[in-house]
Amino acid sequence: MKESAPTVHSALPLPNPPSWPWPPLVKASAAVHAGAAALALAPGGWPWALGALVANHAVLTTTGLWPRSSALGPNVTRLPADHGVAITIDDGPDPEVTPAVLDHLDAAGARATFFCVGESALRHPALVRDIVRRGHAVQNHSHQHRKLFSLKGPRAAERDIVQAQQVLADLSGRMPHCFRAPAGLRNPLLDPVLHRLGLHLVSWTRRGFDTREGDPQRVLQRLTKGLRGGDILLLHDGHARRTRAGRPVVLDVLPALLQRCAAAGLKTVTLDEALPARFAR
């Protein structure tokens, strides 16, 4: 009997999403802008109006540079339940590193979530299919993974995210329901886009900085200090830093991390398992 193809939902915005709940900081920002506009019309008021706007934008920018902040909208930094941990692996797939990462996961009987870049997925479609075939989840890490993603307006951000959604859905057979911004950076215009698309913004509980740190022990220590159920941990198969021996750091860290999880009785779960869809489609 021929196996039926998986059902893939549309990557376009939801037809009737709930109203976007304005975060308090965004509401306050709107009020500051309205007040500044009124103040600028008063005699001698424009310097005060300009100062208020500069201060307001400084607060918004600083908040957007804090990846784990929820002040600009919902941001998943821990799993809803504390029975397991989610190992998330960013910036791939990579033809050298990703297969070895998958082998380590297989050896430990562990599962992970790969936040894939759309352009990389198009270059290495077989790797995306292999990630899914081996029981892992594929989620959205933007299409281009540009450093200046956080400066995009809502239309440009939506185009980038939707393009990655469709690519990853076509390759994996399942529409991603989670998004992680490049470097975790964003602006106040991102959450309304994610809301329309029905996507969770997911950051992490802790990260190892394995794109910068070449010492596997330091990376491991950052990930495991205070390790407990519900943690979301961040590693990278793309842009992986190398050890002095030239080996991608993640390949030395991952086996030890999986051993620590097993010793603590912590099951590794994917975000598909642990995190329900943001809205029903």
# chains A, B, ... in the order shown; residues from 1 in each chain; ligands from 1
>>> residues_around(residues="region 241-255 of chain A", least_positions_apart="3", cutoff="6 Å", atoms="only C-alpha atoms", output="PyMOL selection string")
chain A and resi 210-212+214+216+220+258
>>> residues_around(residues="region 72-78 of chain A", least_positions_apart="4", cutoff="6 Å", atoms="only C-alpha atoms", output="JSON, numbers by chain")
{"A": [23, 188, 191, 201, 202, 203, 204, 205, 230, 231, 232]}
>>> select_by_dssp(residues="region 65-235 of chain A", states="alpha helix (DSSP H)", output="number ranges by chain")
A: 97-108, 118-123, 125-133, 154-172, 190-197, 216-224
>>> atom_distance(atom1="CA of Phe279 (chain A)", atom2="CA of Met175 (chain A)")
13.2 Å
>>> residues_around(residues="region 129-134 of chain A", least_positions_apart="2", cutoff="10 Å", atoms="only C-alpha atoms", output="compact mmCIF listing (two decimals) with C-alpha atoms, in the first residue's frame")
# COMPACT_ATOMS: atom_id res chain seq x y z
CA PRO A 93 21.80 22.09 8.45
CA THR A 98 24.75 17.86 11.26
CA PRO A 99 25.28 14.16 10.38
CA VAL A 101 25.24 15.51 15.63
CA LEU A 102 22.52 13.11 14.51
CA ASP A 103 24.80 10.14 15.16
CA LEU A 105 21.76 11.76 19.34
CA ASP A 106 21.03 8.30 17.96
CA ARG A 111 15.81 13.69 20.44
CA ALA A 112 16.43 17.31 19.60
CA THR A 113 14.92 20.28 17.80
CA PHE A 114 16.80 21.77 14.86
CA ALA A 121 17.89 23.74 4.03
CA HIS A 124 21.05 20.43 1.84
CA PRO A 125 17.50 19.07 1.56
CA ALA A 126 18.53 15.48 2.29
CA LEU A 127 19.82 16.57 5.71
CA HIS A 136 13.78 15.01 15.54
CA ALA A 137 11.86 18.25 14.98
CA VAL A 138 12.56 21.01 12.45
CA LEU A 168 10.98 23.69 5.79
CA ASP A 170 8.02 21.09 2.01
CA LEU A 171 11.20 19.29 3.10
CA SER A 172 10.09 18.02 6.51
CA GLY A 173 6.41 17.35 5.83
CA ARG A 174 5.32 19.45 8.81
>>> residues_around(residues="Asp82 (chain A)", least_positions_apart="4", cutoff="12 Å", atoms="only C-alpha atoms", output="list in words")
Arg78, Ala86, Leu227, Arg228, Gly229, Gly230, Asp231, Ile232, Gly265, Leu266, Lys267, Thr268, Val269, Ala274 and Leu275 of chain A
>>> closest_residue(among="A:Leu189, A:Ala40, A:Leu223, A:Leu257", to="Trp22 (chain A)", atoms="only C-alpha atoms")
A:Leu189
>>> residues_around(residues="region 49-63 of chain A", least_positions_apart="2", cutoff="10 Å", atoms="only C-alpha atoms", output="PyMOL selection string")
chain A and resi 25-26+28-30+32-42+44-47+65-72+150+185-188
>>> residues_around(residues="Pro17 (chain A)", least_positions_apart="4", cutoff="9 Å", atoms="only C-alpha atoms", output="MDAnalysis selection string")
chainID A and resid 13 195:198 279 281
>>> write_last_selection(atoms="C-alpha atoms", output="tab-separated table (two decimals), in the first residue's frame")
chain	number	residue	atom	x	y	z
A	13	PRO	CA	-1.12	34.13	7.98
A	195	HIS	CA	0.97	36.22	15.95
A	196	ARG	CA	-0.54	36.37	12.45
A	197	LEU	CA	1.45	33.30	11.42
A	198	GLY	CA	0.59	31.35	14.57
A	279	PHE	CA	-3.37	28.78	17.92
A	281	ARG	CA	-5.57	26.23	12.64
>>> residues_around(residues="Ala164 (chain A)", least_positions_apart="5", cutoff="12 Å", atoms="only C-alpha atoms", output="MDAnalysis selection string")
chainID A and resid 11:12 115:122 138:145 157:159 169:172 175:180
>>> select_by_dssp(residues="region 56-170 of chain A", states="strand (DSSP E or B)", output="JSON, numbers by chain")
{"A": [76, 78, 84, 85, 86, 87, 88, 89, 90, 91, 92, 113, 114, 115, 116, 137, 138, 139, 140]}
>>> atom_distance(atom1="CA of Val167 (chain A)", atom2="CA of Leu14 (chain A)")
17.9 Å
>>> decode(residues="region 115-139 of chain A", atoms="N, CA and C atoms", output="compact mmCIF listing (two decimals), in the first residue's frame")
# COMPACT_ATOMS: atom_id res chain seq x y z
N PHE A 115 16.61 24.19 14.72
CA PHE A 115 16.14 25.45 14.15
C PHE A 115 16.96 25.69 12.89
N CYS A 116 16.34 25.38 11.75
CA CYS A 116 17.06 25.40 10.48
C CYS A 116 16.88 26.72 9.74
N VAL A 117 17.90 27.11 9.01
CA VAL A 117 17.87 28.29 8.15
C VAL A 117 17.36 27.85 6.77
N GLY A 118 16.39 28.58 6.23
CA GLY A 118 15.77 28.18 4.97
C GLY A 118 16.76 28.01 3.84
N GLU A 119 17.66 28.96 3.67
CA GLU A 119 18.63 28.87 2.57
C GLU A 119 19.54 27.65 2.74
N SER A 120 19.95 27.35 3.95
CA SER A 120 20.79 26.17 4.18
C SER A 120 20.00 24.89 3.92
N ALA A 121 18.73 24.91 4.28
CA ALA A 121 17.89 23.74 4.03
C ALA A 121 17.75 23.48 2.54
N LEU A 122 17.63 24.53 1.74
CA LEU A 122 17.53 24.37 0.29
C LEU A 122 18.82 23.80 -0.29
N ARG A 123 19.95 24.18 0.30
CA ARG A 123 21.23 23.66 -0.19
C ARG A 123 21.44 22.19 0.20
N HIS A 124 20.82 21.79 1.33
CA HIS A 124 21.05 20.43 1.84
C HIS A 124 19.71 19.78 2.21
N PRO A 125 18.83 19.60 1.25
CA PRO A 125 17.50 19.07 1.56
C PRO A 125 17.52 17.68 2.17
N ALA A 126 18.48 16.85 1.76
CA ALA A 126 18.53 15.48 2.29
C ALA A 126 18.80 15.49 3.80
N LEU A 127 19.55 16.48 4.28
CA LEU A 127 19.82 16.57 5.71
C LEU A 127 18.55 16.89 6.49
N VAL A 128 17.72 17.78 5.95
CA VAL A 128 16.46 18.10 6.63
C VAL A 128 15.59 16.85 6.73
N ARG A 129 15.52 16.12 5.63
CA ARG A 129 14.71 14.89 5.64
C ARG A 129 15.29 13.87 6.62
N ASP A 130 16.61 13.83 6.73
CA ASP A 130 17.24 12.89 7.64
C ASP A 130 16.98 13.27 9.09
N ILE A 131 16.97 14.55 9.38
CA ILE A 131 16.65 15.02 10.74
C ILE A 131 15.28 14.48 11.15
N VAL A 132 14.30 14.63 10.27
CA VAL A 132 12.94 14.18 10.58
C VAL A 132 12.88 12.65 10.63
N ARG A 133 13.54 12.00 9.70
CA ARG A 133 13.51 10.53 9.64
C ARG A 133 14.04 9.93 10.93
N ARG A 134 15.00 10.60 11.55
CA ARG A 134 15.60 10.07 12.77
C ARG A 134 14.83 10.48 14.03
N GLY A 135 13.68 11.12 13.85
CA GLY A 135 12.81 11.39 14.99
C GLY A 135 12.95 12.74 15.64
N HIS A 136 13.58 13.69 14.97
CA HIS A 136 13.78 15.01 15.54
C HIS A 136 12.82 16.02 14.91
N ALA A 137 12.77 17.21 15.46
CA ALA A 137 11.86 18.25 14.98
C ALA A 137 12.65 19.32 14.22
N VAL A 138 11.98 19.92 13.23
CA VAL A 138 12.56 21.01 12.45
C VAL A 138 11.71 22.26 12.69
N GLN A 139 12.35 23.35 13.08
CA GLN A 139 11.66 24.62 13.32
C GLN A 139 12.36 25.75 12.56
